[in-house]
Amino acid sequence: MKNIILYGAPAAGKGTQCELLVEKFGYVHISMGQLFRDLDDSTEFNRDIHEKISKGILIDDKTTSLLLEQKLGEIKDKPVVLDGFPRTLNQAKILESFFNNYIVINIEVEEDVALKRVLGRLTCDKCGKIYNIYSEEMAPKNENLCDNCNIELSSRSDDNAESFKTRFNIYLNNVKDVLDYYDEKKVLYIVKSCESKEDTFNSIEKILKEMNI
């Protein structure tokens with residue numbers, strides 16, 4: 001199986017699609033954002049990372065790549081679906097040293113749609129399941145409680161309008177270079193982020209079937 005890099009703007013639906021890929025195909029999901037959020041607050045360095053994330057500031061390439069390399073080492077040779085890396089052309093080139101058997105799926109989403117998703121997003125801190133209060137399909141069955149764990153859901157520190165704008169602008173500033181890089185390598189595929197997560201997943205699954213993945 002090829003590794004999958006899910007690329008796209010903030011709230012394009014990458015995390016949700018990763019959940020579906022894990023469930024149906026057995027991929028290991030690596031979310032760079034979650035790796036950063038999981039760092040404890042025992043050091044000033046980690047606290048600085050958390051503060052930057054809450055403001056939507058991009059973490060430097062060295063720190064990001066070292067954390068990713070460590071995680072890849074832990075899971076060894078299992079197929080990976082990667083979310084949140086690369087964010088820049090330089091990171092895309094760094095990733096080549098970690099693995100080269102991959103495809104890139106870019107999930108396109110309109111900015112206003114992405115912002116609404118950000119403001120309505122909730123996550124279970126225990127199982128990682130993603131919900132959204134503005135989506136009938138993705139809303140929790142019981143208000144503010146995880147369907148799986150029955151514990152209170154939480155919002156990410158960076159799920160606010162100001163942080164979203166910063167992150168979206170970073171995406172816009174880098175997207176062309178990154179997509180051109182992968183297009184030249186002939187590993188790039190594009191899907192539209194649909195209102196229904198299942199419709200988006202059907203588009204991704206169609207790509208995988210065409211490639212016999």
# chains A, B, ... in the order shown; residues from 1 in each chain; ligands from 1
>>> select_by_dssp(residues="region 123-202 of chain A", states="helix (DSSP H, G or I)", output="ChimeraX atom specification")
/A:161-184,197-202
>>> residues_around(residues="region 166-180 of chain A", least_positions_apart="2", cutoff="9 Å", atoms="only C-alpha atoms", output="mmCIF file with N, CA, C and O atoms, in the first residue's frame")
data_model
loop_
_atom_site.group_PDB
_atom_site.id
_atom_site.type_symbol
_atom_site.label_atom_id
_atom_site.label_comp_id
_atom_site.auth_asym_id
_atom_site.auth_seq_id
_atom_site.Cartn_x
_atom_site.Cartn_y
_atom_site.Cartn_z
ATOM 1 N N TYR A 7 -3.481 16.713 1.746
ATOM 2 C CA TYR A 7 -3.113 18.124 1.758
ATOM 3 C C TYR A 7 -4.378 18.952 1.608
ATOM 4 O O TYR A 7 -5.376 18.505 1.053
ATOM 5 N N GLY A 8 -4.339 20.181 2.113
ATOM 6 C CA GLY A 8 -5.496 21.052 1.965
ATOM 7 C C GLY A 8 -5.494 22.148 3.008
ATOM 8 O O GLY A 8 -4.693 22.151 3.947
ATOM 9 N N ALA A 9 -6.391 23.083 2.842
ATOM 10 C CA ALA A 9 -6.505 24.218 3.755
ATOM 11 C C ALA A 9 -6.982 23.756 5.127
ATOM 12 O O ALA A 9 -7.483 22.640 5.275
ATOM 13 N N PRO A 10 -6.836 24.601 6.150
ATOM 14 C CA PRO A 10 -7.415 24.282 7.455
ATOM 15 C C PRO A 10 -8.909 23.987 7.311
ATOM 16 O O PRO A 10 -9.616 24.691 6.583
ATOM 17 N N LYS A 55 -2.162 30.381 18.044
ATOM 18 C CA LYS A 55 -2.234 31.602 17.227
ATOM 19 C C LYS A 55 -2.190 31.304 15.735
ATOM 20 O O LYS A 55 -2.261 32.219 14.911
ATOM 21 N N GLY A 56 -2.037 30.022 15.385
ATOM 22 C CA GLY A 56 -2.002 29.646 13.980
ATOM 23 C C GLY A 56 -0.649 29.835 13.325
ATOM 24 O O GLY A 56 -0.531 29.812 12.101
ATOM 25 N N ILE A 57 0.396 30.016 14.139
ATOM 26 C CA ILE A 57 1.742 30.257 13.618
ATOM 27 C C ILE A 57 2.392 28.932 13.218
ATOM 28 O O ILE A 57 2.312 27.940 13.949
ATOM 29 N N LEU A 58 3.058 28.922 12.074
ATOM 30 C CA LEU A 58 3.709 27.713 11.572
ATOM 31 C C LEU A 58 4.948 27.379 12.396
ATOM 32 O O LEU A 58 5.795 28.247 12.636
ATOM 33 N N PRO A 86 3.353 17.932 4.390
ATOM 34 C CA PRO A 86 4.080 19.194 4.484
ATOM 35 C C PRO A 86 3.146 20.408 4.415
ATOM 36 O O PRO A 86 2.041 20.315 3.898
ATOM 37 N N ARG A 87 3.635 21.526 4.937
ATOM 38 C CA ARG A 87 2.927 22.798 4.816
ATOM 39 C C ARG A 87 3.621 23.727 3.822
ATOM 40 O O ARG A 87 3.021 24.677 3.353
ATOM 41 N N THR A 88 4.893 23.457 3.556
ATOM 42 C CA THR A 88 5.684 24.317 2.674
ATOM 43 C C THR A 88 6.450 23.448 1.676
ATOM 44 O O THR A 88 6.570 22.226 1.851
ATOM 45 N N LEU A 89 6.989 24.096 0.651
ATOM 46 C CA LEU A 89 7.791 23.375 -0.332
ATOM 47 C C LEU A 89 9.012 22.744 0.311
ATOM 48 O O LEU A 89 9.368 21.601 0.001
ATOM 49 N N ASN A 90 9.652 23.447 1.211
ATOM 50 C CA ASN A 90 10.825 22.896 1.888
ATOM 51 C C ASN A 90 10.460 21.649 2.682
ATOM 52 O O ASN A 90 11.200 20.656 2.684
ATOM 53 N N ALA A 92 8.038 19.639 1.965
ATOM 54 C CA ALA A 92 7.782 18.585 0.974
ATOM 55 C C ALA A 92 9.078 17.905 0.564
ATOM 56 O O ALA A 92 9.136 16.678 0.400
ATOM 57 N N VAL A 104 -0.361 12.050 -3.181
ATOM 58 C CA VAL A 104 -0.840 13.253 -2.496
ATOM 59 C C VAL A 104 -2.261 13.529 -2.957
ATOM 60 O O VAL A 104 -2.535 13.603 -4.164
ATOM 61 N N ASN A 106 -5.093 16.333 -2.596
ATOM 62 C CA ASN A 106 -5.406 17.683 -2.145
ATOM 63 C C ASN A 106 -6.923 17.836 -2.054
ATOM 64 O O ASN A 106 -7.637 17.622 -3.030
ATOM 65 N N GLU A 111 -13.031 29.133 1.488
ATOM 66 C CA GLU A 111 -12.626 29.718 2.773
ATOM 67 C C GLU A 111 -13.801 29.885 3.731
ATOM 68 O O GLU A 111 -13.677 29.585 4.931
ATOM 69 N N ALA A 161 -11.552 32.361 14.869
ATOM 70 C CA ALA A 161 -11.497 33.075 13.592
ATOM 71 C C ALA A 161 -10.125 33.686 13.325
ATOM 72 O O ALA A 161 -9.620 33.639 12.193
ATOM 73 N N GLU A 162 -9.503 34.252 14.343
ATOM 74 C CA GLU A 162 -8.209 34.913 14.156
ATOM 75 C C GLU A 162 -7.123 33.910 13.771
ATOM 76 O O GLU A 162 -6.351 34.131 12.828
ATOM 77 N N SER A 163 -7.053 32.802 14.505
ATOM 78 C CA SER A 163 -6.061 31.768 14.214
ATOM 79 C C SER A 163 -6.314 31.153 12.843
ATOM 80 O O SER A 163 -5.386 30.885 12.076
ATOM 81 N N PHE A 164 -7.591 30.929 12.518
ATOM 82 C CA PHE A 164 -7.935 30.357 11.216
ATOM 83 C C PHE A 164 -7.428 31.241 10.086
ATOM 84 O O PHE A 164 -6.866 30.745 9.109
ATOM 85 N N TYR A 182 4.372 18.451 -6.394
ATOM 86 C CA TYR A 182 3.828 17.104 -6.462
ATOM 87 C C TYR A 182 3.237 16.789 -7.835
ATOM 88 O O TYR A 182 3.248 15.634 -8.276
ATOM 89 N N ASP A 183 2.739 17.816 -8.511
ATOM 90 C CA ASP A 183 2.220 17.614 -9.857
ATOM 91 C C ASP A 183 3.341 17.193 -10.804
ATOM 92 O O ASP A 183 3.169 16.297 -11.648
ATOM 93 N N GLU A 184 4.494 17.814 -10.662
ATOM 94 C CA GLU A 184 5.652 17.454 -11.492
ATOM 95 C C GLU A 184 6.092 16.017 -11.230
ATOM 96 O O GLU A 184 6.595 15.334 -12.124
ATOM 97 N N LYS A 185 5.893 15.548 -10.016
ATOM 98 C CA LYS A 185 6.241 14.169 -9.674
ATOM 99 C C LYS A 185 5.145 13.178 -10.090
ATOM 100 O O LYS A 185 5.311 11.966 -9.917
ATOM 101 N N LEU A 188 0.006 13.722 -7.694
ATOM 102 C CA LEU A 188 -1.014 14.613 -7.150
ATOM 103 C C LEU A 188 -2.398 14.286 -7.697
ATOM 104 O O LEU A 188 -2.584 14.119 -8.902
#
>>> closest_residue(among="A:Leu67, A:Val80, A:Cys127, A:Ile59", to="Leu39 (chain A)", atoms="only C-alpha atoms")
A:Leu67
>>> residues_around(residues="Ile151 (chain A)", least_positions_apart="6", cutoff="12 Å", atoms="only C-alpha atoms", output="list in words")
Leu122, Thr123, Cys124, Asp125, Lys126, Cys127, Gly128, Lys129, Pro140, Asn142, Glu143, Asn144 and Leu145 of chain A
>>> residues_around(residues="Phe201 (chain A)", least_positions_apart="5", cutoff="10 Å", atoms="only C-alpha atoms", output="ChimeraX atom specification")
/A:13,16-18,20-21,191-194,196,206-207
>>> residues_around(residues="Thr63 (chain A)", least_positions_apart="6", cutoff="12 Å", atoms="only C-alpha atoms", output="number ranges by chain")
A: 32, 35-36, 45-46, 48-49, 69-70, 91
>>> closest_residue(among="A:Thr64, A:Leu82, A:Asp158, A:Ser31", to="Glu51 (chain A)", atoms="only C-alpha atoms")
A:Asp158
>>> atom_distance(atom1="CA of Glu74 (chain A)", atom2="CA of Val28 (chain A)")
11.2 Å
>>> select_by_dssp(residues="region 41-170 of chain A", states="strand (DSSP E or B)", output="list in words")
Val80, Val81, Leu82, Asp83, Tyr102, Ile103, Val104, Ile105, Asn106, Ile107, Glu108, Arg121, Leu122, Thr123, Ile130, Tyr131, Asn132, Asn142, Leu145, Glu152 and Ser154 of chain A
>>> write_last_selection(atoms="N, CA, C and O atoms", output="PDB file, in the first residue's frame")
ATOM      1  N   VAL A  80       0.931   4.781   6.019  1.00  0.00           N
ATOM      2  CA  VAL A  80       0.596   5.993   6.761  1.00  0.00           C
ATOM      3  C   VAL A  80      -0.311   6.896   5.940  1.00  0.00           C
ATOM      4  O   VAL A  80      -0.141   7.027   4.721  1.00  0.00           O
ATOM      5  N   VAL A  81      -1.272   7.518   6.599  1.00  0.00           N
ATOM      6  CA  VAL A  81      -1.979   8.653   6.013  1.00  0.00           C
ATOM      7  C   VAL A  81      -1.568   9.867   6.843  1.00  0.00           C
ATOM      8  O   VAL A  81      -1.767   9.918   8.055  1.00  0.00           O
ATOM      9  N   LEU A  82      -0.926  10.821   6.185  1.00  0.00           N
ATOM     10  CA  LEU A  82      -0.282  11.954   6.848  1.00  0.00           C
ATOM     11  C   LEU A  82      -1.106  13.219   6.664  1.00  0.00           C
ATOM     12  O   LEU A  82      -1.462  13.588   5.547  1.00  0.00           O
ATOM     13  N   ASP A  83      -1.370  13.884   7.763  1.00  0.00           N
ATOM     14  CA  ASP A  83      -2.220  15.073   7.785  1.00  0.00           C
ATOM     15  C   ASP A  83      -1.462  16.205   8.491  1.00  0.00           C
ATOM     16  O   ASP A  83      -1.038  16.049   9.629  1.00  0.00           O
ATOM     17  N   TYR A 102       4.384   7.135  -2.113  1.00  0.00           N
ATOM     18  CA  TYR A 102       3.215   7.880  -1.644  1.00  0.00           C
ATOM     19  C   TYR A 102       2.453   8.510  -2.807  1.00  0.00           C
ATOM     20  O   TYR A 102       2.955   8.642  -3.923  1.00  0.00           O
ATOM     21  N   ILE A 103       1.211   8.895  -2.505  1.00  0.00           N
ATOM     22  CA  ILE A 103       0.442   9.781  -3.371  1.00  0.00           C
ATOM     23  C   ILE A 103      -0.018  10.957  -2.519  1.00  0.00           C
ATOM     24  O   ILE A 103      -0.059  10.871  -1.281  1.00  0.00           O
ATOM     25  N   VAL A 104      -0.361  12.050  -3.181  1.00  0.00           N
ATOM     26  CA  VAL A 104      -0.840  13.253  -2.496  1.00  0.00           C
ATOM     27  C   VAL A 104      -2.261  13.529  -2.957  1.00  0.00           C
ATOM     28  O   VAL A 104      -2.535  13.603  -4.164  1.00  0.00           O
ATOM     29  N   ILE A 105      -3.168  13.658  -2.013  1.00  0.00           N
ATOM     30  CA  ILE A 105      -4.559  14.001  -2.328  1.00  0.00           C
ATOM     31  C   ILE A 105      -4.847  15.364  -1.731  1.00  0.00           C
ATOM     32  O   ILE A 105      -4.828  15.538  -0.502  1.00  0.00           O
ATOM     33  N   ASN A 106      -5.093  16.333  -2.596  1.00  0.00           N
ATOM     34  CA  ASN A 106      -5.406  17.683  -2.145  1.00  0.00           C
ATOM     35  C   ASN A 106      -6.923  17.836  -2.054  1.00  0.00           C
ATOM     36  O   ASN A 106      -7.637  17.622  -3.030  1.00  0.00           O
ATOM     37  N   ILE A 107      -7.404  18.215  -0.864  1.00  0.00           N
ATOM     38  CA  ILE A 107      -8.840  18.414  -0.652  1.00  0.00           C
ATOM     39  C   ILE A 107      -9.135  19.906  -0.737  1.00  0.00           C
ATOM     40  O   ILE A 107      -8.688  20.688   0.104  1.00  0.00           O
ATOM     41  N   GLU A 108      -9.873  20.292  -1.769  1.00  0.00           N
ATOM     42  CA  GLU A 108     -10.174  21.703  -1.984  1.00  0.00           C
ATOM     43  C   GLU A 108     -11.431  22.112  -1.217  1.00  0.00           C
ATOM     44  O   GLU A 108     -12.416  21.386  -1.191  1.00  0.00           O
ATOM     45  N   ARG A 121     -16.217  22.996  15.188  1.00  0.00           N
ATOM     46  CA  ARG A 121     -15.519  21.718  15.401  1.00  0.00           C
ATOM     47  C   ARG A 121     -15.326  21.401  16.881  1.00  0.00           C
ATOM     48  O   ARG A 121     -14.940  22.240  17.674  1.00  0.00           O
ATOM     49  N   LEU A 122     -15.581  20.146  17.226  1.00  0.00           N
ATOM     50  CA  LEU A 122     -15.335  19.612  18.565  1.00  0.00           C
ATOM     51  C   LEU A 122     -14.605  18.282  18.417  1.00  0.00           C
ATOM     52  O   LEU A 122     -14.798  17.563  17.432  1.00  0.00           O
ATOM     53  N   THR A 123     -13.794  17.946  19.424  1.00  0.00           N
ATOM     54  CA  THR A 123     -12.995  16.720  19.361  1.00  0.00           C
ATOM     55  C   THR A 123     -13.051  15.995  20.693  1.00  0.00           C
ATOM     56  O   THR A 123     -13.095  16.627  21.753  1.00  0.00           O
ATOM     57  N   ILE A 130     -13.793  13.354  15.605  1.00  0.00           N
ATOM     58  CA  ILE A 130     -14.078  14.748  15.288  1.00  0.00           C
ATOM     59  C   ILE A 130     -15.584  14.931  15.068  1.00  0.00           C
ATOM     60  O   ILE A 130     -16.230  14.135  14.385  1.00  0.00           O
ATOM     61  N   TYR A 131     -16.126  15.991  15.643  1.00  0.00           N
ATOM     62  CA  TYR A 131     -17.536  16.325  15.488  1.00  0.00           C
ATOM     63  C   TYR A 131     -17.659  17.755  14.983  1.00  0.00           C
ATOM     64  O   TYR A 131     -16.692  18.514  14.994  1.00  0.00           O
ATOM     65  N   ASN A 132     -18.886  18.126  14.563  1.00  0.00           N
ATOM     66  CA  ASN A 132     -19.143  19.517  14.213  1.00  0.00           C
ATOM     67  C   ASN A 132     -20.596  19.853  14.491  1.00  0.00           C
ATOM     68  O   ASN A 132     -21.502  19.173  13.990  1.00  0.00           O
ATOM     69  N   ASN A 142     -25.484  13.125  21.570  1.00  0.00           N
ATOM     70  CA  ASN A 142     -25.830  13.855  22.788  1.00  0.00           C
ATOM     71  C   ASN A 142     -24.977  15.117  22.857  1.00  0.00           C
ATOM     72  O   ASN A 142     -23.753  15.047  22.686  1.00  0.00           O
ATOM     73  N   LEU A 145     -21.129  15.591  23.996  1.00  0.00           N
ATOM     74  CA  LEU A 145     -20.590  14.334  24.527  1.00  0.00           C
ATOM     75  C   LEU A 145     -20.154  13.433  23.379  1.00  0.00           C
ATOM     76  O   LEU A 145     -20.846  13.329  22.355  1.00  0.00           O
ATOM     77  N   GLU A 152     -17.005  14.647  27.821  1.00  0.00           N
ATOM     78  CA  GLU A 152     -17.221  15.977  27.256  1.00  0.00           C
ATOM     79  C   GLU A 152     -16.231  16.274  26.136  1.00  0.00           C
ATOM     80  O   GLU A 152     -15.036  15.979  26.238  1.00  0.00           O
ATOM     81  N   SER A 154     -14.202  18.819  23.409  1.00  0.00           N
ATOM     82  CA  SER A 154     -13.462  20.072  23.585  1.00  0.00           C
ATOM     83  C   SER A 154     -13.148  20.702  22.232  1.00  0.00           C
ATOM     84  O   SER A 154     -13.142  20.032  21.201  1.00  0.00           O
TER      85      SER A 154
END
